[in-house]
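Chemist: The file below is upload-v9.pdb, PDB, C-alpha atoms and all ligand atoms:
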MODEL        1
ATOM      1  CA  MET A   1      24.066 -13.780 -14.743
ATOM      2  CA  ALA A   2      22.322 -13.894 -11.387
ATOM      3  CA  ALA A   3      23.617 -11.352  -8.917
ATOM      4  CA  PRO A   4      25.004 -12.638  -5.618
ATOM      5  CA  LEU A   5      22.708 -12.751  -2.627
ATOM      6  CA  GLU A   6      23.678 -10.494   0.177
ATOM      7  CA  GLU A   7      22.376 -10.259   3.714
ATOM      8  CA  PRO A   8      21.084  -6.759   4.544
ATOM      9  CA  PRO A   9      22.245  -5.240   7.805
ATOM     10  CA  GLY A  10      20.120  -6.594  10.627
ATOM     11  CA  GLY A  11      19.093  -9.763   8.821
ATOM     12  CA  ALA A  12      19.920 -13.073  10.434
ATOM     13  CA  PRO A  13      21.207 -15.664   7.960
ATOM     14  CA  GLY A  14      18.968 -18.632   7.360
ATOM     15  CA  ASP A  15      15.855 -17.449   9.171
ATOM     16  CA  GLU A  16      13.847 -16.635   6.080
ATOM     17  CA  PRO A  17      12.352 -18.787   3.325
ATOM     18  CA  ALA A  18      14.244 -18.860   0.053
ATOM     19  CA  ASP A  19      11.480 -17.065  -1.843
ATOM     20  CA  GLU A  20      11.685 -14.019   0.416
ATOM     21  CA  VAL A  21      14.328 -12.364  -1.699
ATOM     22  CA  ALA A  22      14.123  -8.709  -2.623
ATOM     23  CA  GLU A  23      15.026  -8.275  -6.262
ATOM     24  CA  LEU A  24      15.156  -4.526  -6.150
ATOM     25  CA  ALA A  25      17.773  -3.352  -3.724
ATOM     26  CA  PRO A  26      18.776   0.316  -4.141
ATOM     27  CA  ASP A  27      21.901  -0.845  -5.915
ATOM     28  CA  ASP A  28      19.760  -3.200  -8.064
ATOM     29  CA  ARG A  29      21.326  -6.343  -6.589
ATOM     30  CA  PRO A  30      19.138  -8.991  -4.970
ATOM     31  CA  TYR A  31      19.580  -9.652  -1.279
ATOM     32  CA  ARG A  32      17.946 -11.905   1.270
ATOM     33  CA  LEU A  33      15.256 -10.397   3.408
ATOM     34  CA  GLY A  34      15.910 -10.628   7.099
ATOM     35  CA  TRP A  35      13.799  -9.440   9.987
ATOM     36  CA  LEU A  36      14.496  -5.888  11.083
ATOM     37  CA  VAL A  37      13.355  -4.058  14.199
ATOM     38  CA  GLY A  38      11.280  -0.920  13.702
ATOM     39  CA  THR A  39      10.720   1.663  16.416
ATOM     40  CA  LEU A  40       7.555   3.737  16.349
ATOM     41  CA  VAL A  41       8.460   7.408  16.038
ATOM     42  CA  SER A  42       5.027   8.943  15.610
ATOM     43  CA  ARG A  43       1.403   8.041  15.011
ATOM     44  CA  THR A  44      -1.044  10.144  13.010
ATOM     45  CA  VAL A  45      -4.765   9.584  13.289
ATOM     46  CA  GLU A  46      -6.133   9.493   9.732
ATOM     47  CA  THR A  47      -9.763   8.585  10.427
ATOM     48  CA  PRO A  48     -11.626   7.319  13.504
ATOM     49  CA  THR A  49     -10.458   3.794  12.572
ATOM     50  CA  ALA A  50      -7.109   4.256  10.822
ATOM     51  CA  VAL A  51      -3.699   5.420  11.976
ATOM     52  CA  THR A  52      -0.424   6.054  10.171
ATOM     53  CA  LEU A  53       2.635   4.707  11.981
ATOM     54  CA  GLU A  54       5.977   6.288  11.224
ATOM     55  CA  LEU A  55       8.816   3.881  11.978
ATOM     56  CA  ASP A  56      12.540   4.181  12.246
ATOM     57  CA  VAL A  57      14.034   0.962  10.851
ATOM     58  CA  PRO A  58      17.827   0.645  11.056
ATOM     59  CA  GLY A  59      19.062  -1.451   8.137
ATOM     60  CA  TRP A  60      16.096  -0.599   5.868
ATOM     61  CA  ARG A  61      17.361  -0.503   2.297
ATOM     62  CA  GLY A  62      14.498   1.256   0.581
ATOM     63  CA  ALA A  63      11.550   0.216  -1.580
ATOM     64  CA  LEU A  64       9.660   0.929  -4.747
ATOM     65  CA  ALA A  65       6.234   2.533  -4.481
ATOM     66  CA  GLY A  66       3.546  -0.140  -4.112
ATOM     67  CA  GLN A  67       5.585  -2.666  -2.118
ATOM     68  CA  HIS A  68       4.626  -3.946   1.324
ATOM     69  CA  VAL A  69       6.240  -5.349   4.456
ATOM     70  CA  ASP A  70       5.527  -8.357   6.639
ATOM     71  CA  VAL A  71       5.011  -7.342  10.253
ATOM     72  CA  ARG A  72       5.690  -9.930  12.969
ATOM     73  CA  LEU A  73       4.421  -9.645  16.544
ATOM     74  CA  THR A  74       5.647 -12.061  19.189
ATOM     75  CA  ALA A  75       4.120 -12.485  22.659
ATOM     76  CA  ASP A  76       6.075 -13.295  25.808
ATOM     77  CA  ASP A  77       4.973 -16.946  25.584
ATOM     78  CA  GLY A  78       6.496 -17.280  22.105
ATOM     79  CA  TYR A  79       3.204 -17.027  20.182
ATOM     80  CA  SER A  80       3.966 -15.159  16.996
ATOM     81  CA  THR A  81       1.832 -13.922  14.126
ATOM     82  CA  GLN A  82       2.441 -12.011  10.891
ATOM     83  CA  ARG A  83       0.459  -9.643   8.695
ATOM     84  CA  SER A  84       1.226  -7.698   5.516
ATOM     85  CA  TYR A  85       1.072  -3.899   5.393
ATOM     86  CA  SER A  86       1.700  -1.711   2.373
ATOM     87  CA  LEU A  87       4.169   1.118   2.569
ATOM     88  CA  ALA A  88       2.388   4.466   2.649
ATOM     89  CA  SER A  89       5.641   6.382   2.438
ATOM     90  CA  PRO A  90       7.026   7.229  -0.990
ATOM     91  CA  GLY A  91       9.340   4.779  -2.680
ATOM     92  CA  SER A  92      13.021   5.557  -2.365
ATOM     93  CA  MET A  93      14.364   3.556  -5.296
ATOM     94  CA  GLY A  94      14.781   4.831  -8.834
ATOM     95  CA  LEU A  95      14.388   8.486  -7.874
ATOM     96  CA  PRO A  96      16.119  11.082 -10.040
ATOM     97  CA  PRO A  97      19.282  12.728  -8.696
ATOM     98  CA  GLY A  98      18.433  15.362  -6.102
ATOM     99  CA  ALA A  99      15.165  13.785  -4.930
ATOM    100  CA  VAL A 100      15.626  12.923  -1.287
ATOM    101  CA  ALA A 101      13.511  10.114   0.132
ATOM    102  CA  ALA A 102      12.616   9.966   3.804
ATOM    103  CA  GLN A 103      14.715   7.566   5.843
ATOM    104  CA  ARG A 104      11.702   6.412   7.850
ATOM    105  CA  ILE A 105       8.857   4.281   6.604
ATOM    106  CA  ALA A 106       5.131   4.800   7.141
ATOM    107  CA  LEU A 107       2.351   2.215   7.360
ATOM    108  CA  THR A 108      -1.336   3.073   7.530
ATOM    109  CA  VAL A 109      -3.354   0.526   9.467
ATOM    110  CA  GLN A 110      -7.130   0.276   9.204
ATOM    111  CA  VAL A 111      -8.677  -1.394  12.245
ATOM    112  CA  VAL A 112     -10.511  -4.608  11.383
ATOM    113  CA  ASP A 113     -13.176  -5.291  14.014
ATOM    114  CA  ASP A 114     -12.189  -8.305  16.120
ATOM    115  CA  GLY A 115      -8.858  -8.424  14.309
ATOM    116  CA  GLU A 116      -5.857  -9.797  16.110
ATOM    117  CA  VAL A 117      -3.136  -7.454  14.859
ATOM    118  CA  SER A 118      -4.661  -4.285  13.407
ATOM    119  CA  PRO A 119      -6.263  -3.008  16.673
ATOM    120  CA  TYR A 120      -2.930  -3.447  18.475
ATOM    121  CA  LEU A 121      -1.021  -1.549  15.783
ATOM    122  CA  ALA A 122      -3.561   1.239  15.359
ATOM    123  CA  GLU A 123      -4.762   1.712  18.928
ATOM    124  CA  ASP A 124      -2.195   0.378  21.381
ATOM    125  CA  MET A 125       1.242   1.072  19.919
ATOM    126  CA  ARG A 126       2.955   4.149  21.293
ATOM    127  CA  PRO A 127       6.154   5.993  20.269
ATOM    128  CA  GLY A 128       9.157   3.991  21.401
ATOM    129  CA  ASP A 129       7.367   0.650  20.987
ATOM    130  CA  GLN A 130       9.020  -1.812  18.627
ATOM    131  CA  LEU A 131       7.930  -4.432  16.122
ATOM    132  CA  GLU A 132       9.689  -6.745  13.704
ATOM    133  CA  LEU A 133       9.281  -6.264   9.993
ATOM    134  CA  ARG A 134      10.642  -7.707   6.792
ATOM    135  CA  GLY A 135      10.638  -6.192   3.351
ATOM    136  CA  PRO A 136      10.174  -4.751   0.884
ATOM    137  CA  VAL A 137       7.961  -7.521  -0.477
ATOM    138  CA  GLY A 138       6.248  -7.672  -3.879
ATOM    139  CA  HIS A 139       7.784  -7.021  -7.261
ATOM    140  CA  TRP A 140       4.683  -6.842  -9.439
ATOM    141  CA  PHE A 141       2.487  -4.207  -7.821
ATOM    142  CA  VAL A 142       5.092  -1.461  -8.137
ATOM    143  CA  TRP A 143       5.441   1.833  -9.951
ATOM    144  CA  HIS A 144       8.850   2.978 -11.080
ATOM    145  CA  PRO A 145       9.460   6.745 -11.287
ATOM    146  CA  ARG A 146      11.098   6.270 -14.694
ATOM    147  CA  ASP A 147       7.862   4.800 -16.123
ATOM    148  CA  ARG A 148       6.447   7.183 -18.731
ATOM    149  CA  ARG A 149       3.025   5.580 -19.244
ATOM    150  CA  PRO A 150      -0.056   7.347 -17.858
ATOM    151  CA  VAL A 151      -1.209   5.764 -14.616
ATOM    152  CA  GLN A 152      -4.728   4.917 -13.504
ATOM    153  CA  LEU A 153      -5.155   4.201  -9.793
ATOM    154  CA  VAL A 154      -8.321   2.593  -8.417
ATOM    155  CA  ALA A 155      -8.633   2.270  -4.627
ATOM    156  CA  GLY A 156     -11.243   0.738  -2.367
ATOM    157  CA  GLY A 157     -11.009   1.663   1.344
ATOM    158  CA  SER A 158      -7.551   1.068   2.808
ATOM    159  CA  GLY A 159      -6.438  -0.083  -0.639
ATOM    160  CA  LEU A 160      -5.584   3.582  -1.024
ATOM    161  CA  VAL A 161      -2.399   3.058   1.041
ATOM    162  CA  PRO A 162      -0.008   1.763  -1.654
ATOM    163  CA  LEU A 163      -1.629   4.014  -4.249
ATOM    164  CA  ALA A 164      -0.921   7.036  -2.025
ATOM    165  CA  SER A 165       2.689   5.849  -1.915
ATOM    166  CA  ILE A 166       2.702   5.841  -5.722
ATOM    167  CA  LEU A 167       1.218   9.362  -5.829
ATOM    168  CA  ARG A 168       3.737  10.595  -3.255
ATOM    169  CA  THR A 169       6.573   9.037  -5.250
ATOM    170  CA  ARG A 170       5.387  10.771  -8.419
ATOM    171  CA  ARG A 171       5.478  14.088  -6.551
ATOM    172  CA  LEU A 172       8.870  13.408  -4.986
ATOM    173  CA  ALA A 173      10.347  12.379  -8.324
ATOM    174  CA  GLY A 174       8.935  15.457 -10.086
ATOM    175  CA  SER A 175       7.257  13.141 -12.615
ATOM    176  CA  ARG A 176       4.805  14.761 -15.035
ATOM    177  CA  VAL A 177       3.194  11.521 -16.093
ATOM    178  CA  PRO A 178      -0.612  12.001 -16.146
ATOM    179  CA  PHE A 179      -2.341  10.222 -13.261
ATOM    180  CA  ARG A 180      -5.953   9.564 -12.413
ATOM    181  CA  LEU A 181      -7.154   8.256  -9.074
ATOM    182  CA  LEU A 182     -10.600   6.768  -8.548
ATOM    183  CA  VAL A 183     -11.074   6.283  -4.823
ATOM    184  CA  SER A 184     -14.022   4.602  -3.164
ATOM    185  CA  ALA A 185     -14.761   5.173   0.526
ATOM    186  CA  ARG A 186     -17.828   4.509   2.642
ATOM    187  CA  THR A 187     -18.235   8.100   3.830
ATOM    188  CA  PRO A 188     -16.069  11.254   3.909
ATOM    189  CA  ALA A 189     -15.079  10.381   7.493
ATOM    190  CA  ASP A 190     -13.622   7.085   6.266
ATOM    191  CA  LEU A 191     -11.450   8.608   3.530
ATOM    192  CA  LEU A 192      -7.723   8.261   4.193
ATOM    193  CA  TYR A 193      -5.431  11.229   3.468
ATOM    194  CA  ALA A 194      -8.451  13.466   2.750
ATOM    195  CA  ALA A 195      -6.576  16.781   3.117
ATOM    196  CA  GLU A 196      -3.734  15.597   0.875
ATOM    197  CA  LEU A 197      -6.129  14.412  -1.829
ATOM    198  CA  ALA A 198      -7.985  17.729  -1.701
ATOM    199  CA  ARG A 199      -4.829  19.726  -2.452
ATOM    200  CA  PRO A 200      -4.186  20.517  -6.124
ATOM    201  CA  ASP A 201      -1.608  18.159  -7.612
ATOM    202  CA  PRO A 202      -0.860  19.161 -11.235
ATOM    203  CA  GLY A 203      -1.394  16.275 -13.618
ATOM    204  CA  VAL A 204      -3.404  14.239 -11.093
ATOM    205  CA  ASP A 205      -7.199  13.982 -11.382
ATOM    206  CA  VAL A 206      -9.063  12.570  -8.392
ATOM    207  CA  THR A 207     -12.596  11.158  -8.549
ATOM    208  CA  HIS A 208     -14.436  10.122  -5.407
ATOM    209  CA  VAL A 209     -17.040   7.420  -5.020
ATOM    210  CA  TRP A 210     -19.001   7.265  -1.758
ATOM    211  CA  THR A 211     -20.675   3.965  -1.040
ATOM    212  CA  ARG A 212     -22.772   4.926   2.027
ATOM    213  CA  ALA A 213     -22.926   8.707   2.476
ATOM    214  CA  ALA A 214     -21.546  11.624   0.470
ATOM    215  CA  PRO A 215     -20.362  15.057   1.660
ATOM    216  CA  THR A 216     -22.918  17.834   1.927
ATOM    217  CA  GLY A 217     -23.563  19.360  -1.481
ATOM    218  CA  TRP A 218     -22.407  16.266  -3.372
ATOM    219  CA  ASP A 219     -24.190  16.166  -6.706
ATOM    220  CA  GLY A 220     -23.051  12.707  -7.770
ATOM    221  CA  ARG A 221     -24.641   9.451  -6.842
ATOM    222  CA  VAL A 222     -23.909   7.314  -3.785
ATOM    223  CA  GLY A 223     -23.155   3.670  -4.484
ATOM    224  CA  ARG A 224     -20.574   1.122  -5.441
ATOM    225  CA  VAL A 225     -18.072   1.370  -8.259
ATOM    226  CA  GLY A 226     -19.402  -0.185 -11.460
ATOM    227  CA  ALA A 227     -18.925  -0.093 -15.213
ATOM    228  CA  THR A 228     -20.402   3.389 -15.663
ATOM    229  CA  THR A 229     -18.141   4.975 -13.061
ATOM    230  CA  LEU A 230     -15.088   3.154 -14.377
ATOM    231  CA  ARG A 231     -15.829   4.225 -17.954
ATOM    232  CA  GLU A 232     -16.348   7.856 -16.948
ATOM    233  CA  ALA A 233     -13.561   8.264 -14.391
ATOM    234  CA  CYS A 234     -10.722   6.183 -15.819
ATOM    235  CA  PHE A 235      -8.397   6.888 -18.710
ATOM    236  CA  PRO A 236      -9.800   5.368 -21.916
ATOM    237  CA  PRO A 237      -8.407   1.917 -22.757
ATOM    238  CA  ASP A 238      -6.675   3.079 -25.937
ATOM    239  CA  LEU A 239      -4.391   5.360 -23.936
ATOM    240  CA  GLY A 240      -2.536   2.291 -22.686
ATOM    241  CA  ALA A 241      -2.307   3.453 -19.078
ATOM    242  CA  HIS A 242      -0.849   1.260 -16.388
ATOM    243  CA  VAL A 243      -3.692   0.435 -14.000
ATOM    244  CA  PHE A 244      -3.175  -0.282 -10.294
ATOM    245  CA  VAL A 245      -6.200  -1.627  -8.407
ATOM    246  CA  CYS A 246      -6.089  -2.207  -4.652
ATOM    247  CA  GLY A 247      -8.672  -2.917  -1.976
ATOM    248  CA  PRO A 248     -10.738  -5.756  -0.537
ATOM    249  CA  THR A 249     -10.664  -8.889  -2.698
ATOM    250  CA  PRO A 250     -14.260  -8.598  -4.103
ATOM    251  CA  PHE A 251     -13.670  -4.920  -4.986
ATOM    252  CA  VAL A 252     -10.417  -5.686  -6.797
ATOM    253  CA  GLU A 253     -11.908  -8.574  -8.752
ATOM    254  CA  LEU A 254     -14.959  -6.602  -9.816
ATOM    255  CA  VAL A 255     -12.915  -3.584 -10.892
ATOM    256  CA  ALA A 256     -10.279  -5.620 -12.759
ATOM    257  CA  ASP A 257     -12.869  -7.750 -14.567
ATOM    258  CA  THR A 258     -14.927  -4.695 -15.516
ATOM    259  CA  LEU A 259     -11.884  -2.825 -16.823
ATOM    260  CA  VAL A 260     -11.038  -5.787 -19.045
ATOM    261  CA  ASP A 261     -14.666  -5.855 -20.270
ATOM    262  CA  LEU A 262     -14.329  -2.142 -21.055
ATOM    263  CA  GLY A 263     -11.311  -2.877 -23.258
ATOM    264  CA  HIS A 264      -8.303  -2.336 -20.963
ATOM    265  CA  ASP A 265      -5.331  -4.563 -21.703
ATOM    266  CA  PRO A 266      -5.117  -7.197 -18.918
ATOM    267  CA  GLU A 267      -1.328  -7.070 -19.226
ATOM    268  CA  LEU A 268      -1.382  -3.476 -17.996
ATOM    269  CA  ILE A 269      -3.615  -4.110 -14.964
ATOM    270  CA  ARG A 270      -1.889  -4.818 -11.649
ATOM    271  CA  THR A 271      -3.894  -5.822  -8.628
ATOM    272  CA  GLU A 272      -3.307  -6.089  -4.881
ATOM    273  CA  ARG A 273      -5.917  -7.806  -2.714
ATOM    274  CA  PHE A 274      -6.149  -6.832   0.938
ATOM    275  CA  GLY A 275      -7.589 -10.140   2.044
ATOM    276  CA  PRO A 276      -6.718 -11.725   5.374
ATOM    277  CA  THR A 277      -3.011 -12.486   5.761
ATOM    278  CA  GLY A 278      -1.153 -14.279   8.441
ATOM    279  CA  GLU A 279       1.149 -17.001   9.540
ATOM    280  CA  VAL A 280       1.139 -18.215  13.123
ATOM    281  CA  THR A 281       3.952 -19.974  14.946
ATOM    282  CA  ARG A 282       4.299 -21.183  18.480
TER     283      ARG A 282
HETATM  284  C1  LIG A 301      -0.313  -7.326   0.382
HETATM  285  C2  LIG A 301      -1.214  -6.819   1.511
HETATM  286  C3  LIG A 301      -1.067  -5.506   1.926
HETATM  287  C4  LIG A 301      -1.885  -5.032   2.970
HETATM  288  N1  LIG A 301      -1.763  -3.726   3.343
HETATM  289  C5  LIG A 301      -2.556  -3.230   4.304
HETATM  290  C6  LIG A 301      -2.461  -1.842   4.671
HETATM  291  O1  LIG A 301      -1.664  -1.072   4.126
HETATM  292  N2  LIG A 301      -3.292  -1.399   5.659
HETATM  293  C7  LIG A 301      -4.184  -2.228   6.286
HETATM  294  O2  LIG A 301      -4.886  -1.759   7.192
HETATM  295  N3  LIG A 301      -4.300  -3.534   5.944
HETATM  296  C8  LIG A 301      -3.499  -4.050   4.987
HETATM  297  N4  LIG A 301      -3.598  -5.382   4.648
HETATM  298  C9  LIG A 301      -4.484  -6.265   5.444
HETATM  299  C10 LIG A 301      -3.699  -6.775   6.666
HETATM  300  O3  LIG A 301      -2.665  -7.648   6.251
HETATM  301  C11 LIG A 301      -4.555  -7.557   7.659
HETATM  302  O4  LIG A 301      -5.251  -8.567   6.951
HETATM  303  C12 LIG A 301      -5.552  -6.685   8.397
HETATM  304  O5  LIG A 301      -4.874  -5.666   9.126
HETATM  305  C13 LIG A 301      -6.387  -7.528   9.403
HETATM  306  O6  LIG A 301      -5.515  -8.155  10.310
HETATM  307  P1  LIG A 301      -6.055  -8.505  11.774
HETATM  308  O7  LIG A 301      -5.005  -9.353  12.424
HETATM  309  O8  LIG A 301      -6.477  -7.283  12.481
HETATM  310  O9  LIG A 301      -7.356  -9.360  11.494
HETATM  311  P2  LIG A 301      -7.467 -10.970  11.568
HETATM  312  O10 LIG A 301      -7.366 -11.400  12.993
HETATM  313  O11 LIG A 301      -6.493 -11.562  10.589
HETATM  314  O12 LIG A 301      -8.926 -11.195  11.004
HETATM  315  C14 LIG A 301     -10.102 -10.870  11.764
HETATM  316  C15 LIG A 301     -11.320 -11.056  10.902
HETATM  317  O13 LIG A 301     -11.341 -10.060   9.866
HETATM  318  C16 LIG A 301     -11.238 -10.667   8.578
HETATM  319  N5  LIG A 301     -10.247  -9.865   7.841
HETATM  320  C17 LIG A 301      -8.919  -9.999   7.906
HETATM  321  N6  LIG A 301      -8.307  -9.073   7.121
HETATM  322  C18 LIG A 301      -9.284  -8.354   6.586
HETATM  323  C19 LIG A 301      -9.293  -7.268   5.710
HETATM  324  N7  LIG A 301      -8.149  -6.721   5.186
HETATM  325  N8  LIG A 301     -10.498  -6.753   5.379
HETATM  326  C20 LIG A 301     -11.641  -7.253   5.871
HETATM  327  N9  LIG A 301     -11.686  -8.315   6.709
HETATM  328  C21 LIG A 301     -10.538  -8.844   7.050
HETATM  329  C22 LIG A 301     -10.771 -12.079   8.810
HETATM  330  O14 LIG A 301     -11.241 -12.961   7.799
HETATM  331  C23 LIG A 301     -11.354 -12.385  10.150
HETATM  332  O15 LIG A 301     -12.711 -12.770  10.040
HETATM  333  C24 LIG A 301      -2.824  -5.877   3.592
HETATM  334  C25 LIG A 301      -2.956  -7.202   3.148
HETATM  335  C26 LIG A 301      -2.183  -7.662   2.111
HETATM  336  C27 LIG A 301      -2.359  -9.079   1.627
ENDMDL
END
Taking this structure as input, can you express it in the form of structure tokens?

Modeler:
Amino acid sequence: MAAPLEEPPGGAPGDEPADEVAELAPDDRPYRLGWLVGTLVSRTVETPTAVTLELDVPGWRGALAGQHVDVRLTADDGYSTQRSYSLASPGSMGLPPGAVAAQRIALTVQVVDDGEVSPYLAEDMRPGDQLELRGPVGHWFVWHPRDRRPVQLVAGGSGLVPLASILRTRRLAGSRVPFRLLVSARTPADLLYAAELARPDPGVDVTHVWTRAAPTGWDGRVGRVGATTLREACFPPDLGAHVFVCGPTPFVELVADTLVDLGHDPELIRTERFGPTGEVTR
């Protein structure tokens, strides 16, 4: 039987489309998504063009790793625009007893040149500033800490954000499920969370691909991800790993298609495309 819909604290009834319903509330009951107000608590510079925003969001009910939020900015003249941003913070749902999730959420925003929203979020927002957000959104591109299958992560550029959330959730949950991460970045300076990825994380293997310039002493090749890299760096298809691929649309399509060609089960491949998003109202 369908569970009753319930308005989360802070959500205004009737101001959201019917399909914006979270199916995975912490208590496992669906509820309608309303707009919440987040206050910027801190900003961390990740790379010269990417910043992580830590937000305090009263009424936030938690999320699974891999989900995203809609962010809405509204100007004084009523012009309003929305974009999607993945949660970088670990998921807070489905954790084992004793694992304590952070109350705040984190978003990592990569500046898109000439973009309307990302330069404001990454360069102009300061602690104390507020924005509206709605979420968590997305029920397919999620990893549940109770999942026992091995996990293959494949990230292109800022597509690393939700995959870092999945890795952080694994750590927080004390999961021992084997993970592999294949991460493609233009250069070492462009790699998000570089220090975190460099730290040993038992059960997690990380492979880097550099598309423009590699670190000094790098003995691998520089270039785009292709069939050879995917065959060498990913779990073999017969292991039946869940595969999460995230990045720019052409990257995601190439990787997903190639993995299927290599024998991975399409049913186990989940993709998230970081193409342009947005909805404008006046
Ligand atoms: C589910 C989802 C999750 C996302 N999560 C993140 C995230 O965690 N971090 C993050 O930084 N971004 C994320 N994005 C992308 C984000 O929603 C915006 O598209 C991005 O920040 C650009 O917005 P903008 O207003 O600055 O650019 P716009 O003003 O919308 O676009 C400016 C120009 O850049 C192009 N463009 C727009 N978006 C992109 C893009 N992503 N890559 C390349 N060119 C683009 C447009 O076609 C246009 O020509 C996500 C997108 C989706 C769909």

Chemist: Enumerate, as a ChimeraX atom specification, the protein, DNA and RNA residues whose atoms approach (-13.6, 8.3, 6.2) to within 9 Å, taking into account all atoms listed in the file and the coordinate frame of the file.

Modeler: /A:46-50,157,185-192,194

Chemist: Return as a VMD selection string every polymer residue, whether protein, DNA or RNA, with at least one atom no more than 10 Å from an atom of ligand LIG 301 (chain A); count all atoms listed in the file.

Modeler: chain A and resid 49 to 52 66 to 71 81 to 88 106 to 122 137 to 138 141 157 to 163 246 to 249 271 to 279

Chemist: Enter the distance from CA of His208 in chain A to CA of Glu232 in chain A, in Å, rounded to one decimal.

Modeler: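 According to the coordinates, CA of His208 in chain A and CA of Glu232 in chain A are separated by 11.9 Å.
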
Chemist: Would you be able to write out as a ChimeraX atom specification which residues have an atom within 10 Å of (-2.0, 6.4, -14.9) in the file's coordinates, counting all atoms listed in the file?

Modeler: /A:148-154,177-181,203-205,234-235,239-244

Chemist: Of the residues A:Ala198, A:Val225, A:Leu73, A:Val255, which is the one nearest to Met125 in chain A, using all atoms listed in the file?

Modeler: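 Of A:Ala198, A:Val225, A:Leu73, A:Val255, the one nearest Met125 in chain A is A:Leu73, counting all atoms listed in the file.
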
Chemist: To one decimal place in Å, what is the distance between CA of Arg270 in chain A and CA of Trp140 in chain A?

Modeler: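 Going from CA of Arg270 in chain A over to CA of Trp140 in chain A covers 7.2 Å.
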
Chemist: Which is closest to Gly94 in chain A among A:Leu33, A:Ala173, A:Leu131, A:Ile166, if we use all atoms listed in the file?

Modeler: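 Nearest candidate to Gly94 in chain A out of A:Leu33, A:Ala173, A:Leu131, A:Ile166: A:Ala173.
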
Chemist: Between CA of Asp124 in chain A and CA of Thr39 in chain A, what is the distance, to one decimal in Å?

Modeler: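 Distance between the two atoms: 13.9 Å.
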
Chemist: Pick from A:Val57, A:Val41, A:Ala63, A:Pro236: nearest to Arg126 in chain A, with only C-alpha atoms counted?

Modeler: A:Val41

Chemist: Contacts of Asp219 in chain A at 12 Å or less, counting only C-alpha atoms, minus same-chain residues fewer than 5 places along, as a list in words?

Modeler: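 Near Asp219 in chain A, the qualifying residues are His208, Val209, Trp210, Ala213 and Ala214 of chain A.
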
Chemist: Let me know the centre plus edge lengths, in Å and rounded to one decimal, of a box with edges along x, y and z that contains all listed atoms of range 233-243 of chain A and is padded by 5 Å on every side, as lines of an AutoDock Vina configuration file.

Modeler:
center_x = -7.2
center_y = 4.3
center_z = -20.0
size_x = 22.7
size_y = 17.8
size_z = 21.9

Chemist: Closest to Leu268 in chain A among A:Leu167, A:Leu197, A:Val142, A:Leu40, using all atoms listed in the file?

Modeler: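 Nearest to Leu268 in chain A: A:Val142.
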
Chemist: Specify as a PyMOL selection string each residue included when the PyMOL selection byres (((chain A and resi 38) around 10) and not hetatm) is applied to this file.

Modeler: chain A and resi 35-37+39-41+54-60+71+104-105+128-134

Chemist: With distances taken over all atoms listed in the file, which residue among A:Ser89, A:Thr229, A:Ser42, A:Ser184 lies nearest Thr211 in chain A?

Modeler: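 Nearest to Thr211 in chain A: A:Ser184.
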
Chemist: Please identify all polymer residues within 7 Å of Leu95 in chain A, counting all atoms listed in the file, omitting same-chain residues fewer than 3 positions from it, and present them as a PyMOL selection string.

Modeler: chain A and resi 92+99+145+173

Chemist: Counting only C-alpha atoms, figure out which residue out of A:Thr216, A:Thr44, A:Ser165, A:Thr228 gets nearest to Ala101 in chain A.

Modeler: A:Ser165
